[in-house]
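Chemist: Input structure: input.txt, which contains compact mmCIF, N, CA and C atoms and all ligand atoms.
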```txt
# COMPACT_ATOMS: atom_id res chain seq x y z
N MET A 678 5.70 -28.39 -6.19
CA MET A 678 5.45 -28.52 -4.76
C MET A 678 6.76 -28.33 -3.98
N SER A 679 6.64 -27.65 -2.89
CA SER A 679 7.82 -27.35 -2.10
C SER A 679 7.70 -28.00 -0.73
N PHE A 680 8.81 -28.48 -0.23
CA PHE A 680 8.80 -29.24 1.01
C PHE A 680 9.63 -28.57 2.10
N SER A 681 9.42 -29.08 3.29
CA SER A 681 10.16 -28.60 4.45
C SER A 681 10.85 -29.79 5.12
N ILE A 682 12.09 -29.60 5.51
CA ILE A 682 12.85 -30.70 6.07
C ILE A 682 13.53 -30.25 7.36
N LEU A 683 13.77 -31.19 8.25
CA LEU A 683 14.50 -30.90 9.48
C LEU A 683 15.70 -31.84 9.58
N ILE A 684 16.87 -31.24 9.79
CA ILE A 684 18.11 -32.00 9.99
C ILE A 684 18.48 -31.90 11.47
N ALA A 685 18.62 -33.05 12.14
CA ALA A 685 19.08 -33.05 13.53
C ALA A 685 20.41 -33.80 13.61
N ASP A 686 21.46 -33.07 13.95
CA ASP A 686 22.79 -33.68 14.11
C ASP A 686 23.61 -32.74 14.98
N ASP A 687 24.40 -33.33 15.89
CA ASP A 687 25.18 -32.46 16.77
C ASP A 687 26.43 -31.91 16.09
N SER A 688 26.77 -32.43 14.93
CA SER A 688 27.93 -31.90 14.19
C SER A 688 27.47 -30.81 13.22
N GLU A 689 28.01 -29.62 13.44
CA GLU A 689 27.65 -28.52 12.55
C GLU A 689 28.09 -28.82 11.12
N ILE A 690 29.26 -29.47 10.99
CA ILE A 690 29.77 -29.79 9.65
C ILE A 690 28.80 -30.73 8.93
N ILE A 691 28.33 -31.75 9.65
CA ILE A 691 27.38 -32.68 9.01
C ILE A 691 26.10 -31.95 8.64
N ARG A 692 25.62 -31.09 9.52
CA ARG A 692 24.39 -30.33 9.19
C ARG A 692 24.58 -29.54 7.90
N GLU A 693 25.75 -28.89 7.78
CA GLU A 693 26.01 -28.07 6.60
C GLU A 693 26.14 -28.93 5.34
N VAL A 694 26.89 -30.03 5.46
CA VAL A 694 27.09 -30.90 4.29
C VAL A 694 25.76 -31.49 3.84
N LEU A 695 24.95 -31.90 4.83
CA LEU A 695 23.65 -32.49 4.50
C LEU A 695 22.75 -31.45 3.84
N GLU A 696 22.75 -30.24 4.37
CA GLU A 696 21.93 -29.19 3.75
C GLU A 696 22.37 -28.95 2.31
N ARG A 697 23.68 -28.87 2.10
CA ARG A 697 24.18 -28.63 0.74
C ARG A 697 23.80 -29.78 -0.19
N THR A 698 23.91 -31.00 0.34
CA THR A 698 23.58 -32.18 -0.46
C THR A 698 22.09 -32.17 -0.83
N ILE A 699 21.25 -31.80 0.12
CA ILE A 699 19.80 -31.74 -0.13
C ILE A 699 19.50 -30.67 -1.18
N ARG A 700 20.20 -29.54 -1.08
CA ARG A 700 19.96 -28.46 -2.06
C ARG A 700 20.44 -28.84 -3.45
N MET A 701 21.37 -29.80 -3.54
CA MET A 701 21.85 -30.25 -4.85
C MET A 701 20.84 -31.12 -5.59
N THR A 702 19.90 -31.69 -4.86
CA THR A 702 18.87 -32.50 -5.53
C THR A 702 17.93 -31.56 -6.28
N GLN A 703 17.16 -32.09 -7.17
CA GLN A 703 16.23 -31.25 -7.93
C GLN A 703 14.94 -31.01 -7.16
N ILE A 704 14.87 -31.54 -5.96
CA ILE A 704 13.65 -31.38 -5.17
C ILE A 704 13.66 -29.99 -4.53
N SER A 705 12.49 -29.35 -4.56
CA SER A 705 12.40 -27.99 -4.05
C SER A 705 12.05 -27.99 -2.56
N PHE A 706 12.94 -27.44 -1.77
CA PHE A 706 12.69 -27.28 -0.33
C PHE A 706 12.65 -25.80 -0.02
N ASP A 707 11.54 -25.36 0.58
CA ASP A 707 11.51 -23.94 0.92
C ASP A 707 12.05 -23.70 2.32
N LYS A 708 12.13 -24.77 3.13
CA LYS A 708 12.65 -24.59 4.47
C LYS A 708 13.51 -25.80 4.85
N ILE A 709 14.75 -25.55 5.22
CA ILE A 709 15.62 -26.60 5.77
C ILE A 709 15.98 -26.18 7.19
N HIS A 710 15.26 -26.77 8.16
CA HIS A 710 15.50 -26.46 9.57
C HIS A 710 16.68 -27.29 10.06
N LYS A 711 17.40 -26.74 11.04
CA LYS A 711 18.52 -27.49 11.60
C LYS A 711 18.49 -27.45 13.12
N ALA A 712 18.79 -28.61 13.71
CA ALA A 712 18.80 -28.74 15.16
C ALA A 712 20.05 -29.50 15.58
N ALA A 713 20.60 -29.15 16.75
CA ALA A 713 21.84 -29.77 17.23
C ALA A 713 21.57 -30.97 18.14
N ASN A 714 20.30 -31.19 18.49
CA ASN A 714 19.94 -32.35 19.33
C ASN A 714 18.44 -32.60 19.22
N GLY A 715 17.99 -33.68 19.84
CA GLY A 715 16.58 -34.04 19.74
C GLY A 715 15.65 -33.03 20.37
N SER A 716 16.10 -32.41 21.43
CA SER A 716 15.27 -31.42 22.11
C SER A 716 15.02 -30.20 21.21
N GLU A 717 16.07 -29.72 20.57
CA GLU A 717 15.91 -28.60 19.62
C GLU A 717 15.00 -29.02 18.47
N ALA A 718 15.16 -30.26 18.03
CA ALA A 718 14.34 -30.77 16.93
C ALA A 718 12.86 -30.76 17.31
N LEU A 719 12.55 -31.20 18.54
CA LEU A 719 11.16 -31.23 18.98
C LEU A 719 10.56 -29.83 19.06
N THR A 720 11.36 -28.87 19.50
CA THR A 720 10.88 -27.49 19.56
C THR A 720 10.46 -27.02 18.16
N ILE A 721 11.30 -27.33 17.18
CA ILE A 721 10.97 -26.94 15.80
C ILE A 721 9.74 -27.71 15.31
N LEU A 722 9.71 -29.01 15.58
CA LEU A 722 8.61 -29.85 15.09
C LEU A 722 7.27 -29.44 15.69
N ASN A 723 7.29 -28.95 16.92
CA ASN A 723 6.05 -28.55 17.56
C ASN A 723 5.56 -27.19 17.08
N ASP A 724 6.42 -26.52 16.31
CA ASP A 724 6.15 -25.14 15.93
C ASP A 724 5.97 -24.95 14.43
N GLN A 725 6.54 -25.86 13.64
CA GLN A 725 6.60 -25.68 12.19
C GLN A 725 6.14 -26.96 11.49
N TRP A 726 5.59 -26.80 10.29
CA TRP A 726 5.29 -27.98 9.50
C TRP A 726 6.58 -28.53 8.90
N VAL A 727 6.83 -29.83 9.12
CA VAL A 727 8.02 -30.48 8.57
C VAL A 727 7.57 -31.75 7.84
N ASP A 728 7.99 -31.91 6.58
CA ASP A 728 7.58 -33.07 5.79
C ASP A 728 8.43 -34.30 6.07
N ILE A 729 9.69 -34.08 6.45
CA ILE A 729 10.59 -35.21 6.65
C ILE A 729 11.70 -34.82 7.62
N VAL A 730 12.09 -35.77 8.45
CA VAL A 730 13.13 -35.52 9.44
C VAL A 730 14.32 -36.44 9.15
N PHE A 731 15.50 -35.85 9.06
CA PHE A 731 16.75 -36.62 9.02
C PHE A 731 17.39 -36.47 10.39
N THR A 732 17.65 -37.58 11.07
CA THR A 732 18.27 -37.44 12.39
C THR A 732 19.44 -38.38 12.61
N ASP A 733 20.41 -37.87 13.33
CA ASP A 733 21.54 -38.60 13.87
C ASP A 733 21.03 -39.42 15.06
N ILE A 734 21.81 -40.40 15.52
CA ILE A 734 21.44 -41.12 16.75
C ILE A 734 22.13 -40.47 17.96
N HIS A 735 23.45 -40.36 17.89
CA HIS A 735 24.20 -39.88 19.05
C HIS A 735 24.29 -38.36 19.07
N MET A 736 23.55 -37.76 19.99
CA MET A 736 23.56 -36.31 20.18
C MET A 736 23.44 -36.05 21.68
N PRO A 737 24.05 -34.96 22.17
CA PRO A 737 23.88 -34.64 23.60
C PRO A 737 22.46 -34.15 23.89
N ILE A 738 22.10 -34.14 25.14
CA ILE A 738 20.81 -33.66 25.66
C ILE A 738 19.68 -34.62 25.29
N MET A 739 19.42 -34.80 24.00
CA MET A 739 18.45 -35.81 23.57
C MET A 739 18.91 -36.41 22.25
N GLY A 740 19.11 -37.72 22.24
CA GLY A 740 19.57 -38.41 21.04
C GLY A 740 18.43 -38.73 20.09
N GLY A 741 18.78 -39.35 18.97
CA GLY A 741 17.81 -39.63 17.93
C GLY A 741 16.75 -40.66 18.32
N ILE A 742 17.14 -41.67 19.09
CA ILE A 742 16.17 -42.70 19.48
C ILE A 742 15.07 -42.09 20.36
N GLU A 743 15.49 -41.28 21.32
CA GLU A 743 14.50 -40.64 22.19
C GLU A 743 13.64 -39.67 21.39
N LEU A 744 14.26 -38.98 20.44
CA LEU A 744 13.48 -38.07 19.58
C LEU A 744 12.39 -38.85 18.84
N ILE A 745 12.76 -39.96 18.23
CA ILE A 745 11.78 -40.73 17.45
C ILE A 745 10.69 -41.29 18.38
N LYS A 746 11.09 -41.80 19.54
CA LYS A 746 10.10 -42.35 20.48
C LYS A 746 9.12 -41.26 20.93
N THR A 747 9.63 -40.06 21.15
CA THR A 747 8.75 -38.95 21.55
C THR A 747 7.80 -38.59 20.42
N MET A 748 8.32 -38.56 19.19
CA MET A 748 7.47 -38.26 18.04
C MET A 748 6.37 -39.31 17.89
N ARG A 749 6.72 -40.56 18.12
CA ARG A 749 5.74 -41.64 17.93
C ARG A 749 4.60 -41.56 18.94
N LYS A 750 4.85 -40.93 20.06
CA LYS A 750 3.81 -40.78 21.09
C LYS A 750 2.94 -39.55 20.85
N SER A 751 3.35 -38.70 19.91
CA SER A 751 2.62 -37.46 19.67
C SER A 751 1.66 -37.63 18.49
N PRO A 752 0.37 -37.36 18.68
CA PRO A 752 -0.58 -37.50 17.58
C PRO A 752 -0.22 -36.62 16.38
N GLU A 753 0.38 -35.44 16.66
CA GLU A 753 0.72 -34.52 15.57
C GLU A 753 1.96 -34.97 14.80
N LEU A 754 2.87 -35.67 15.47
CA LEU A 754 4.16 -35.99 14.84
C LEU A 754 4.31 -37.47 14.51
N ASN A 755 3.32 -38.25 14.88
CA ASN A 755 3.42 -39.70 14.73
C ASN A 755 3.64 -40.14 13.28
N ASP A 756 3.05 -39.41 12.34
CA ASP A 756 3.13 -39.82 10.93
C ASP A 756 4.29 -39.16 10.17
N THR A 757 5.01 -38.29 10.80
CA THR A 757 6.10 -37.60 10.10
C THR A 757 7.22 -38.60 9.79
N PRO A 758 7.60 -38.72 8.51
CA PRO A 758 8.64 -39.68 8.14
C PRO A 758 10.00 -39.31 8.76
N VAL A 759 10.69 -40.32 9.27
CA VAL A 759 12.00 -40.12 9.88
C VAL A 759 13.03 -41.01 9.19
N VAL A 760 14.16 -40.41 8.83
CA VAL A 760 15.29 -41.15 8.28
C VAL A 760 16.46 -40.97 9.24
N VAL A 761 17.09 -42.08 9.63
CA VAL A 761 18.24 -42.02 10.53
C VAL A 761 19.52 -42.03 9.71
N ILE A 762 20.41 -41.11 10.04
CA ILE A 762 21.73 -41.07 9.39
C ILE A 762 22.76 -41.18 10.50
N SER A 763 23.48 -42.29 10.52
CA SER A 763 24.36 -42.54 11.66
C SER A 763 25.58 -43.36 11.25
N THR A 764 26.60 -43.29 12.07
CA THR A 764 27.76 -44.16 11.87
C THR A 764 27.48 -45.54 12.44
N GLU A 765 26.48 -45.61 13.30
CA GLU A 765 26.25 -46.86 14.00
C GLU A 765 25.43 -47.84 13.17
N GLY A 766 25.94 -49.08 13.04
CA GLY A 766 25.22 -50.03 12.21
C GLY A 766 25.07 -51.40 12.82
N SER A 767 25.08 -51.48 14.15
CA SER A 767 24.94 -52.79 14.78
C SER A 767 23.55 -53.35 14.48
N SER A 768 23.47 -54.68 14.36
CA SER A 768 22.18 -55.27 13.98
C SER A 768 21.14 -55.04 15.08
N ALA A 769 21.58 -54.99 16.33
CA ALA A 769 20.63 -54.72 17.43
C ALA A 769 20.03 -53.33 17.27
N ARG A 770 20.89 -52.37 16.91
CA ARG A 770 20.40 -51.00 16.73
C ARG A 770 19.45 -50.92 15.55
N ILE A 771 19.78 -51.61 14.47
CA ILE A 771 18.93 -51.55 13.28
C ILE A 771 17.57 -52.20 13.58
N GLU A 772 17.57 -53.27 14.34
CA GLU A 772 16.30 -53.89 14.74
C GLU A 772 15.46 -52.93 15.57
N GLU A 773 16.12 -52.23 16.49
CA GLU A 773 15.42 -51.26 17.33
C GLU A 773 14.80 -50.16 16.46
N LEU A 774 15.57 -49.70 15.46
CA LEU A 774 15.08 -48.64 14.59
C LEU A 774 13.88 -49.12 13.77
N LYS A 775 13.96 -50.36 13.31
CA LYS A 775 12.83 -50.92 12.53
C LYS A 775 11.56 -50.92 13.37
N SER A 776 11.71 -51.23 14.65
CA SER A 776 10.53 -51.28 15.52
C SER A 776 9.95 -49.89 15.73
N LEU A 777 10.72 -48.85 15.43
CA LEU A 777 10.23 -47.47 15.56
C LEU A 777 9.67 -46.95 14.24
N ASP A 778 9.57 -47.83 13.26
CA ASP A 778 8.92 -47.49 11.99
C ASP A 778 9.60 -46.32 11.28
N ILE A 779 10.92 -46.37 11.20
CA ILE A 779 11.59 -45.30 10.45
C ILE A 779 11.50 -45.60 8.95
N LYS A 780 11.64 -44.56 8.15
CA LYS A 780 11.48 -44.69 6.71
C LYS A 780 12.78 -44.97 5.99
N GLY A 781 13.89 -44.86 6.69
CA GLY A 781 15.16 -45.12 6.04
C GLY A 781 16.29 -45.06 7.04
N TYR A 782 17.38 -45.71 6.66
CA TYR A 782 18.57 -45.71 7.50
C TYR A 782 19.78 -45.58 6.59
N LEU A 783 20.56 -44.53 6.78
CA LEU A 783 21.73 -44.30 5.95
C LEU A 783 22.96 -44.28 6.84
N ARG A 784 24.02 -44.95 6.38
CA ARG A 784 25.27 -44.92 7.13
C ARG A 784 26.09 -43.71 6.72
N LYS A 785 26.74 -43.09 7.68
CA LYS A 785 27.72 -42.05 7.37
C LYS A 785 29.01 -42.73 6.93
N PRO A 786 29.74 -42.24 5.95
CA PRO A 786 29.40 -41.07 5.15
C PRO A 786 28.33 -41.41 4.10
N PHE A 787 27.30 -40.57 4.03
CA PHE A 787 26.23 -40.77 3.05
C PHE A 787 26.68 -40.26 1.69
N THR A 788 26.03 -40.72 0.63
CA THR A 788 26.34 -40.23 -0.71
C THR A 788 25.19 -39.34 -1.18
N PRO A 789 25.47 -38.40 -2.09
CA PRO A 789 24.39 -37.57 -2.64
C PRO A 789 23.28 -38.41 -3.25
N GLU A 790 23.67 -39.54 -3.89
CA GLU A 790 22.67 -40.40 -4.53
C GLU A 790 21.74 -41.01 -3.48
N SER A 791 22.31 -41.45 -2.36
CA SER A 791 21.47 -42.08 -1.35
C SER A 791 20.52 -41.07 -0.72
N ILE A 792 20.98 -39.83 -0.58
CA ILE A 792 20.10 -38.78 -0.05
C ILE A 792 18.97 -38.50 -1.03
N ARG A 793 19.33 -38.36 -2.29
CA ARG A 793 18.31 -38.05 -3.30
C ARG A 793 17.30 -39.19 -3.41
N ASP A 794 17.80 -40.43 -3.47
CA ASP A 794 16.89 -41.58 -3.59
C ASP A 794 15.95 -41.69 -2.39
N THR A 795 16.49 -41.42 -1.22
CA THR A 795 15.67 -41.47 -0.01
C THR A 795 14.58 -40.42 -0.05
N LEU A 796 14.95 -39.20 -0.45
CA LEU A 796 13.97 -38.12 -0.49
C LEU A 796 12.89 -38.37 -1.55
N THR A 797 13.30 -38.79 -2.75
CA THR A 797 12.30 -39.01 -3.80
C THR A 797 11.36 -40.14 -3.41
N GLY A 798 11.90 -41.19 -2.78
CA GLY A 798 11.07 -42.31 -2.37
C GLY A 798 10.03 -41.91 -1.35
N ILE A 799 10.42 -41.14 -0.36
CA ILE A 799 9.51 -40.78 0.73
C ILE A 799 8.52 -39.71 0.29
N LEU A 800 9.00 -38.74 -0.47
CA LEU A 800 8.14 -37.61 -0.85
C LEU A 800 7.31 -37.91 -2.09
N GLY A 801 7.63 -39.00 -2.78
CA GLY A 801 6.85 -39.37 -3.95
C GLY A 801 7.05 -38.43 -5.12
N VAL A 802 8.26 -37.88 -5.23
CA VAL A 802 8.59 -37.02 -6.37
C VAL A 802 9.70 -37.68 -7.17
N THR A 803 9.93 -37.19 -8.38
CA THR A 803 11.02 -37.79 -9.18
C THR A 803 12.08 -36.76 -9.52
MG MG B 901 26.34 -37.35 16.53
```
Could you take the file, read its structure, and then write that structure out as structure tokens?
Ligand SMILES: [Mg+2]
Modeler:
Amino acid sequence: MSFSILIADDSEIIREVLERTIRMTQISFDKIHKAANGSEALTILNDQWVDIVFTDIHMPIMGGIELIKTMRKSPELNDTPVVVISTEGSSARIEELKSLDIKGYLRKPFTPESIRDTLTGILGVT
């Protein structure tokens, strides 16, 4: 089975490192979409099937929190699993993220193991 993933981060370097890290896992992805902000992410999500979204919090134009809130209001995107990858780890922020029903939260710098474990857990593959 092959999956599709969307990476939203305003840092091109992080997008590239994350894509490479995802490709290093044994999980087969036929499409790795990339967006520089939440608005670009929504355009892709409204147009393409995506199995899982990895998103940053702090991005220009539209950040990760607004992206997730918009997805939660959309019948088509409400069930799409979201994992937040951010430098921010305040307990208030983590509580807010929990209330948005995210599937995972990873602190930057992430490790290849944490990416792989997150993907296998959510996609139900080994
Ligand atoms: Mg950022």
Chemist: Set the distance at 6.5 Å and use all atoms listed in the file: which residues neighbour Lys785 of chain A once local chain neighbours fewer than 4 positions away are removed? I'd like the list as number ranges by chain.
Modeler: A: 762-765
Chemist: Which residues of chain A have any atom within 6 Å of an atom in ligand MG 901 (chain B) when counting all atoms listed in the file, and what is the closest pair of atoms for each, with the distance in Å to one decimal? Order the rows by chain and rising number and write it as JSON lines.
Modeler:
```
{"residue": "A:Asp686", "atom": "C", "partner": "B:MG901", "partner_atom": "MG", "distance": 5.6}
{"residue": "A:Asp687", "atom": "N", "partner": "B:MG901", "partner_atom": "MG", "distance": 4.5}
{"residue": "A:Ser688", "atom": "N", "partner": "B:MG901", "partner_atom": "MG", "distance": 5.2}
{"residue": "A:Asp733", "atom": "CA", "partner": "B:MG901", "partner_atom": "MG", "distance": 5.6}
{"residue": "A:Ile734", "atom": "C", "partner": "B:MG901", "partner_atom": "MG", "distance": 5.4}
{"residue": "A:His735", "atom": "C", "partner": "B:MG901", "partner_atom": "MG", "distance": 3.4}
{"residue": "A:Met736", "atom": "N", "partner": "B:MG901", "partner_atom": "MG", "distance": 4.5}
```
Chemist: List the spatial neighbours of Leu800 of chain A as a PyMOL selection string - criterion: any atom at most 12 Å away, only C-alpha atoms, same-chain residues fewer than 3 positions off excluded.
Modeler: chain A and resi 678-682+704-706+727-730+757-759+780+793-797+803
Chemist: What does the structure give for the distance between atom CA of Leu754 of chain A and atom CA of Arg784 of chain A, in Å to one decimal?
Modeler: 24.2 Å
Chemist: For the atom pair atom CA of Ser776 of chain A and atom CA of Arg692 of chain A, what is the interatomic distance in Å to one decimal place?
Modeler: 25.9 Å
Chemist: Which neighbours of Thr698 of chain A fall inside 9 Å, counting only C-alpha atoms, when residues of the same chain fewer than 4 positions from it are skipped, and could you give them as a PDB file with N, CA and C atoms, keeping the file's coordinate frame?
Modeler:
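Once written, around_17.pdb looks like this:
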```
ATOM      1  N   GLU A 693      25.750 -28.890   7.780  1.00  0.00           N
ATOM      2  CA  GLU A 693      26.010 -28.070   6.600  1.00  0.00           C
ATOM      3  C   GLU A 693      26.140 -28.930   5.340  1.00  0.00           C
ATOM      4  N   VAL A 694      26.890 -30.030   5.460  1.00  0.00           N
ATOM      5  CA  VAL A 694      27.090 -30.900   4.290  1.00  0.00           C
ATOM      6  C   VAL A 694      25.760 -31.490   3.840  1.00  0.00           C
ATOM      7  N   THR A 702      19.900 -31.690  -4.860  1.00  0.00           N
ATOM      8  CA  THR A 702      18.870 -32.500  -5.530  1.00  0.00           C
ATOM      9  C   THR A 702      17.930 -31.560  -6.280  1.00  0.00           C
ATOM     10  N   THR A 788      26.030 -40.720   0.630  1.00  0.00           N
ATOM     11  CA  THR A 788      26.340 -40.230  -0.710  1.00  0.00           C
ATOM     12  C   THR A 788      25.190 -39.340  -1.180  1.00  0.00           C
ATOM     13  N   PRO A 789      25.470 -38.400  -2.090  1.00  0.00           N
ATOM     14  CA  PRO A 789      24.390 -37.570  -2.640  1.00  0.00           C
ATOM     15  C   PRO A 789      23.280 -38.410  -3.250  1.00  0.00           C
ATOM     16  N   ILE A 792      20.980 -39.830  -0.580  1.00  0.00           N
ATOM     17  CA  ILE A 792      20.100 -38.780  -0.050  1.00  0.00           C
ATOM     18  C   ILE A 792      18.970 -38.500  -1.030  1.00  0.00           C
ATOM     19  N   ARG A 793      19.330 -38.360  -2.290  1.00  0.00           N
ATOM     20  CA  ARG A 793      18.310 -38.050  -3.300  1.00  0.00           C
ATOM     21  C   ARG A 793      17.300 -39.190  -3.410  1.00  0.00           C
TER      22      ARG A 793
END
```
Chemist: If you measure from atom CA of Leu719 of chain A to atom C of Leu777 of chain A, what distance in Å do you get, rounded to one decimal?
Modeler: 16.5 Å
Chemist: Mind the document's chain letters and residue numbers, and return as a count of residues only the residues of chain A that DSSP labels strand (DSSP E or B).
Modeler: 26
Chemist: Smallest atom-to-atom distance to Ile721 of chain A: which of A:Val760, A:Glu772, A:Gly766, A:Lys708, using only C-alpha atoms?
Modeler: A:Lys708
Chemist: Taking 2 positions as the minimum chain separation for residues in the same chain, which residues sit within 7 Å of Pro737 of chain A when counting only N, CA and C atoms? Answer as a PDB file with N, CA and C atoms, in the frame of the given file.
Modeler:
```pdb
ATOM      1  N   ASP A 687      24.400 -33.330  15.890  1.00  0.00           N
ATOM      2  CA  ASP A 687      25.180 -32.460  16.770  1.00  0.00           C
ATOM      3  C   ASP A 687      26.430 -31.910  16.090  1.00  0.00           C
ATOM      4  N   ALA A 713      20.600 -29.150  16.750  1.00  0.00           N
ATOM      5  CA  ALA A 713      21.840 -29.770  17.230  1.00  0.00           C
ATOM      6  C   ALA A 713      21.570 -30.970  18.140  1.00  0.00           C
ATOM      7  N   ASN A 714      20.300 -31.190  18.490  1.00  0.00           N
ATOM      8  CA  ASN A 714      19.940 -32.350  19.330  1.00  0.00           C
ATOM      9  C   ASN A 714      18.440 -32.600  19.220  1.00  0.00           C
ATOM     10  N   GLY A 715      17.990 -33.680  19.840  1.00  0.00           N
ATOM     11  CA  GLY A 715      16.580 -34.040  19.740  1.00  0.00           C
ATOM     12  C   GLY A 715      15.650 -33.030  20.370  1.00  0.00           C
ATOM     13  N   HIS A 735      23.450 -40.360  17.890  1.00  0.00           N
ATOM     14  CA  HIS A 735      24.200 -39.880  19.050  1.00  0.00           C
ATOM     15  C   HIS A 735      24.290 -38.360  19.070  1.00  0.00           C
ATOM     16  N   MET A 739      19.420 -34.800  24.000  1.00  0.00           N
ATOM     17  CA  MET A 739      18.450 -35.810  23.570  1.00  0.00           C
ATOM     18  C   MET A 739      18.910 -36.410  22.250  1.00  0.00           C
ATOM     19  N   GLY A 740      19.110 -37.720  22.240  1.00  0.00           N
ATOM     20  CA  GLY A 740      19.570 -38.410  21.040  1.00  0.00           C
ATOM     21  C   GLY A 740      18.430 -38.730  20.090  1.00  0.00           C
TER      22      GLY A 740
END
```
Chemist: From the set A:Ile684, A:Asn755, A:Gln725, A:Ala718, which residue has the shortest atom-to-atom contact distance to Glu696 of chain A, counting only C-alpha atoms?
Modeler: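 Under the stated criterion, the closest residue is A:Ile684.
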Chemist: Have a look at A:Ile690, A:Val761, A:Ile799, A:Ala769 and name the one nearest to Phe731 of chain A; count only C-alpha atoms.
Modeler: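 Smallest distance to Phe731 of chain A is found for A:Val761.
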